[in-house]
Amino acid sequence: MKATIKTQGRQFTVNEGDVLFVNRYPETNAGDTVTINDVLTVGEGAETRFGTPLVEGASVTAKILENKRGNKVVIFKKKRRHGYRKTRGHRQELSVIRIESIQA
């Protein structure tokens with residue numbers, strides 16, 4: 001069964017067993033279970049149900065495999081002929097989740 005969910009400000013189309021990288025869930029640890037109630041569509045083929053905007057009574061259960069930081073993104077600014085250079089970096093906080101079950 002497929003579902004389209006909205007979590008951490010992004011939308012994903014998922015099946016059971018899929019592994020996703022999402023923005024970190026606050027105050028969670030590896031091994032915790034998260035229930036996602038923002039389900040936009042659920043089902044496959046002719047049995048697909050669409051929400052307006054959410055499907056009533058549908059939820060997705062996910063298990064947090066680990067919390068980690070993503071790759072470093074380097075921000076480099078320069079203005080020619082003025083001697084201005086600035087380097088900054090950023091690493092996004094991520095949660096790795098596995099979709100355990102989809103309830104329609």
# chains A, B, ... in the order shown; residues from 1 in each chain; ligands from 1
>>> residues_around(residues="Leu65 in chain A", least_positions_apart="2", cutoff="10 Å", atoms="only C-alpha atoms", output="PyMOL selection string")
chain A and resi 19-20+29-33+62-63+67-68+95-98
>>> residues_around(residues="Thr61 in chain A", least_positions_apart="3", cutoff="10 Å", atoms="only C-alpha atoms", output="PDB file with C-alpha atoms, in the first residue's frame")
ATOM      1  CA  GLU A  16       5.999  -0.044   3.994  1.00  0.00           C
ATOM      2  CA  THR A  33       8.311   5.310  17.150  1.00  0.00           C
ATOM      3  CA  VAL A  34       6.698   8.303  15.437  1.00  0.00           C
ATOM      4  CA  THR A  35       3.100   8.464  14.206  1.00  0.00           C
ATOM      5  CA  ILE A  36       2.486  10.699  11.185  1.00  0.00           C
ATOM      6  CA  ASN A  37      -1.142  11.802  10.878  1.00  0.00           C
ATOM      7  CA  ILE A  97      13.294   6.681   9.603  1.00  0.00           C
ATOM      8  CA  ARG A  98      11.813   3.394   8.352  1.00  0.00           C
ATOM      9  CA  ILE A  99       8.110   3.194   7.511  1.00  0.00           C
ATOM     10  CA  GLU A 100       6.669   0.395   9.665  1.00  0.00           C
ATOM     11  CA  SER A 101       2.963   0.428   8.772  1.00  0.00           C
ATOM     12  CA  ILE A 102       0.301   2.362   6.881  1.00  0.00           C
ATOM     13  CA  GLN A 103      -3.220   2.435   8.332  1.00  0.00           C
TER      14      GLN A 103
END
>>> select_by_dssp(residues="chain A", states="strand (DSSP E or B)", output="PyMOL selection string")
chain A and resi 3-7+10-14+19-23+33-36+39-42+49-50+59-69+73-79+84-90+93-103
>>> atom_distance(atom1="CA of Gly9 in chain A", atom2="CA of Gln92 in chain A")
14.1 Å
>>> residues_around(residues="His90 in chain A", least_positions_apart="4", cutoff="7 Å", atoms="only C-alpha atoms", output="tab-separated table (two decimals) with N, CA, C and O atoms, in the first residue's frame")
chain	number	residue	atom	x	y	z
A	72	LYS	N	28.39	18.40	4.97
A	72	LYS	CA	28.61	19.82	5.13
A	72	LYS	C	28.38	20.55	3.81
A	72	LYS	O	28.85	20.11	2.76
A	73	VAL	N	27.63	21.63	3.88
A	73	VAL	CA	27.40	22.50	2.73
A	73	VAL	C	28.23	23.76	2.97
A	73	VAL	O	28.09	24.42	4.01
A	74	VAL	N	29.11	24.09	2.03
A	74	VAL	CA	29.98	25.25	2.17
A	74	VAL	C	29.37	26.42	1.43
A	74	VAL	O	29.00	26.32	0.26
>>> atom_distance(atom1="CA of Asp38 in chain A", atom2="CA of Arg91 in chain A")
26.8 Å
>>> closest_residue(among="A:Gly57, A:Gly45, A:Gly70, A:Gly51", to="Val22 in chain A", atoms="only C-alpha atoms")
A:Gly70
>>> atom_distance(atom1="CA of Thr48 in chain A", atom2="CA of Gln11 in chain A")
17.2 Å
>>> closest_residue(among="A:Leu94, A:Met1, A:Ala104, A:Ala58", to="Asn71 in chain A", atoms="only C-alpha atoms")
A:Leu94
>>> closest_residue(among="A:Thr52, A:Thr41, A:Lys6, A:Glu66", to="Phe21 in chain A", atoms="only C-alpha atoms")
A:Glu66
>>> residues_around(residues="Val39 in chain A", least_positions_apart="5", cutoff="8 Å", atoms="only C-alpha atoms", output="PyMOL selection string")
chain A and resi 3-6+51+54-55+58-60
>>> write_last_selection(atoms="N, CA and C atoms", output="PDB file, in the first residue's frame")
ATOM      1  N   ALA A   3       1.322   5.528   0.309  1.00  0.00           N
ATOM      2  CA  ALA A   3       0.752   6.696   0.969  1.00  0.00           C
ATOM      3  C   ALA A   3       1.632   7.899   0.666  1.00  0.00           C
ATOM      4  N   THR A   4       1.015   9.056   0.549  1.00  0.00           N
ATOM      5  CA  THR A   4       1.749  10.308   0.433  1.00  0.00           C
ATOM      6  C   THR A   4       1.573  11.043   1.749  1.00  0.00           C
ATOM      7  N   ILE A   5       2.693  11.322   2.408  1.00  0.00           N
ATOM      8  CA  ILE A   5       2.655  11.942   3.731  1.00  0.00           C
ATOM      9  C   ILE A   5       3.334  13.296   3.697  1.00  0.00           C
ATOM     10  N   LYS A   6       2.998  14.113   4.681  1.00  0.00           N
ATOM     11  CA  LYS A   6       3.670  15.399   4.857  1.00  0.00           C
ATOM     12  C   LYS A   6       4.275  15.396   6.253  1.00  0.00           C
ATOM     13  N   GLY A  51      -7.240  13.010   0.105  1.00  0.00           N
ATOM     14  CA  GLY A  51      -7.741  13.837   1.185  1.00  0.00           C
ATOM     15  C   GLY A  51      -7.996  15.255   0.722  1.00  0.00           C
ATOM     16  N   LEU A  54      -6.405  16.343   4.046  1.00  0.00           N
ATOM     17  CA  LEU A  54      -5.889  15.125   4.661  1.00  0.00           C
ATOM     18  C   LEU A  54      -6.932  14.019   4.607  1.00  0.00           C
ATOM     19  N   VAL A  55      -6.473  12.770   4.561  1.00  0.00           N
ATOM     20  CA  VAL A  55      -7.363  11.614   4.589  1.00  0.00           C
ATOM     21  C   VAL A  55      -7.768  11.370   6.040  1.00  0.00           C
ATOM     22  N   ALA A  58      -6.478   8.142   8.579  1.00  0.00           N
ATOM     23  CA  ALA A  58      -5.273   7.490   8.062  1.00  0.00           C
ATOM     24  C   ALA A  58      -4.053   7.959   8.850  1.00  0.00           C
ATOM     25  N   SER A  59      -3.113   7.050   9.044  1.00  0.00           N
ATOM     26  CA  SER A  59      -1.867   7.407   9.721  1.00  0.00           C
ATOM     27  C   SER A  59      -0.761   6.478   9.254  1.00  0.00           C
ATOM     28  N   VAL A  60       0.452   6.924   9.452  1.00  0.00           N
ATOM     29  CA  VAL A  60       1.634   6.151   9.087  1.00  0.00           C
ATOM     30  C   VAL A  60       2.524   6.072  10.325  1.00  0.00           C
TER      31      VAL A  60
END
>>> decode(residues="range 60-73 of chain A", atoms="all heavy atoms", output="tab-separated table (two decimals), in the first residue's frame")
chain	number	residue	atom	x	y	z
A	60	VAL	N	0.45	6.92	9.45
A	60	VAL	CA	1.63	6.15	9.09
A	60	VAL	C	2.52	6.07	10.32
A	60	VAL	O	2.77	7.08	10.99
A	60	VAL	CB	2.39	6.81	7.91
A	60	VAL	CG1	3.70	6.10	7.63
A	60	VAL	CG2	1.52	6.84	6.67
A	61	THR	N	3.00	4.88	10.64
A	61	THR	CA	3.88	4.67	11.78
A	61	THR	C	5.30	4.45	11.27
A	61	THR	O	5.52	3.65	10.37
A	61	THR	CB	3.43	3.45	12.60
A	61	THR	OG1	2.07	3.63	12.97
A	61	THR	CG2	4.28	3.28	13.84
A	62	ALA	N	6.24	5.19	11.85
A	62	ALA	CA	7.64	5.10	11.43
A	62	ALA	C	8.53	4.91	12.65
A	62	ALA	O	8.21	5.40	13.74
A	62	ALA	CB	8.06	6.35	10.67
A	63	LYS	N	9.64	4.20	12.47
A	63	LYS	CA	10.61	3.98	13.54
A	63	LYS	C	11.87	4.76	13.21
A	63	LYS	O	12.35	4.74	12.08
A	63	LYS	CB	10.93	2.49	13.65
A	63	LYS	CG	11.90	2.17	14.76
A	63	LYS	CD	12.12	0.69	14.87
A	63	LYS	CE	13.06	0.39	16.02
A	63	LYS	NZ	13.28	-1.05	16.16
A	64	ILE	N	12.40	5.47	14.20
A	64	ILE	CA	13.62	6.24	14.01
A	64	ILE	C	14.81	5.30	14.15
A	64	ILE	O	15.02	4.70	15.20
A	64	ILE	CB	13.71	7.40	15.01
A	64	ILE	CG1	12.54	8.36	14.77
A	64	ILE	CG2	15.05	8.11	14.90
A	64	ILE	CD1	12.50	9.52	15.71
A	65	LEU	N	15.58	5.17	13.06
A	65	LEU	CA	16.75	4.30	13.08
A	65	LEU	C	17.94	5.00	13.71
A	65	LEU	O	18.69	4.40	14.49
A	65	LEU	CB	17.08	3.84	11.66
A	65	LEU	CG	15.98	3.08	10.92
A	65	LEU	CD1	16.43	2.73	9.52
A	65	LEU	CD2	15.59	1.84	11.69
A	66	GLU	N	18.15	6.27	13.35
A	66	GLU	CA	19.24	7.05	13.95
A	66	GLU	C	19.03	8.53	13.71
A	66	GLU	O	18.31	8.93	12.80
A	66	GLU	CB	20.60	6.62	13.39
A	66	GLU	CG	20.82	6.96	11.94
A	66	GLU	CD	22.22	6.63	11.46
A	66	GLU	OE1	23.18	6.97	12.17
A	66	GLU	OE2	22.33	6.03	10.40
A	67	ASN	N	19.64	9.32	14.57
A	67	ASN	CA	19.70	10.77	14.39
A	67	ASN	C	21.14	11.11	14.05
A	67	ASN	O	22.06	10.64	14.72
A	67	ASN	CB	19.29	11.50	15.67
A	67	ASN	CG	17.81	11.39	15.93
A	67	ASN	OD1	17.00	11.40	15.01
A	67	ASN	ND2	17.43	11.28	17.19
A	68	LYS	N	21.33	11.89	13.00
A	68	LYS	CA	22.69	12.22	12.60
A	68	LYS	C	22.72	13.58	11.93
A	68	LYS	O	21.69	14.25	11.84
A	68	LYS	CB	23.24	11.15	11.66
A	68	LYS	CG	22.54	11.04	10.32
A	68	LYS	CD	23.18	9.97	9.48
A	68	LYS	CE	22.85	10.13	8.03
A	68	LYS	NZ	23.62	9.24	7.20
A	69	ARG	N	23.89	13.97	11.48
A	69	ARG	CA	24.06	15.23	10.77
A	69	ARG	C	24.41	14.93	9.33
A	69	ARG	O	25.15	13.99	9.04
A	69	ARG	CB	25.16	16.06	11.43
A	69	ARG	CG	24.81	16.40	12.87
A	69	ARG	CD	25.86	17.22	13.51
A	69	ARG	NE	25.70	18.60	13.07
A	69	ARG	CZ	26.56	19.55	13.34
A	69	ARG	NH1	27.64	19.28	14.03
A	69	ARG	NH2	26.36	20.78	12.93
A	70	GLY	N	23.89	15.73	8.42
A	70	GLY	CA	24.13	15.54	7.00
A	70	GLY	C	25.51	16.01	6.59
A	70	GLY	O	26.33	16.45	7.41
A	71	ASN	N	25.78	15.94	5.30
A	71	ASN	CA	27.06	16.41	4.76
A	71	ASN	C	27.17	17.92	4.89
A	71	ASN	O	26.17	18.63	4.90
A	71	ASN	CB	27.19	16.02	3.29
A	71	ASN	CG	27.26	14.53	3.10
A	71	ASN	OD1	27.72	13.81	3.98
A	71	ASN	ND2	26.80	14.06	1.96
A	72	LYS	N	28.39	18.40	4.97
A	72	LYS	CA	28.61	19.82	5.13
A	72	LYS	C	28.38	20.55	3.81
A	72	LYS	O	28.85	20.11	2.76
A	72	LYS	CB	30.03	20.10	5.61
A	72	LYS	CG	30.28	21.55	5.92
A	72	LYS	CD	31.53	21.74	6.72
A	72	LYS	CE	31.50	23.11	7.33
A	72	LYS	NZ	32.35	23.21	8.48
A	73	VAL	N	27.63	21.63	3.88
A	73	VAL	CA	27.40	22.50	2.73
A	73	VAL	C	28.23	23.76	2.97
A	73	VAL	O	28.09	24.42	4.01
A	73	VAL	CB	25.90	22.86	2.60
A	73	VAL	CG1	25.68	23.81	1.45
A	73	VAL	CG2	25.08	21.60	2.44
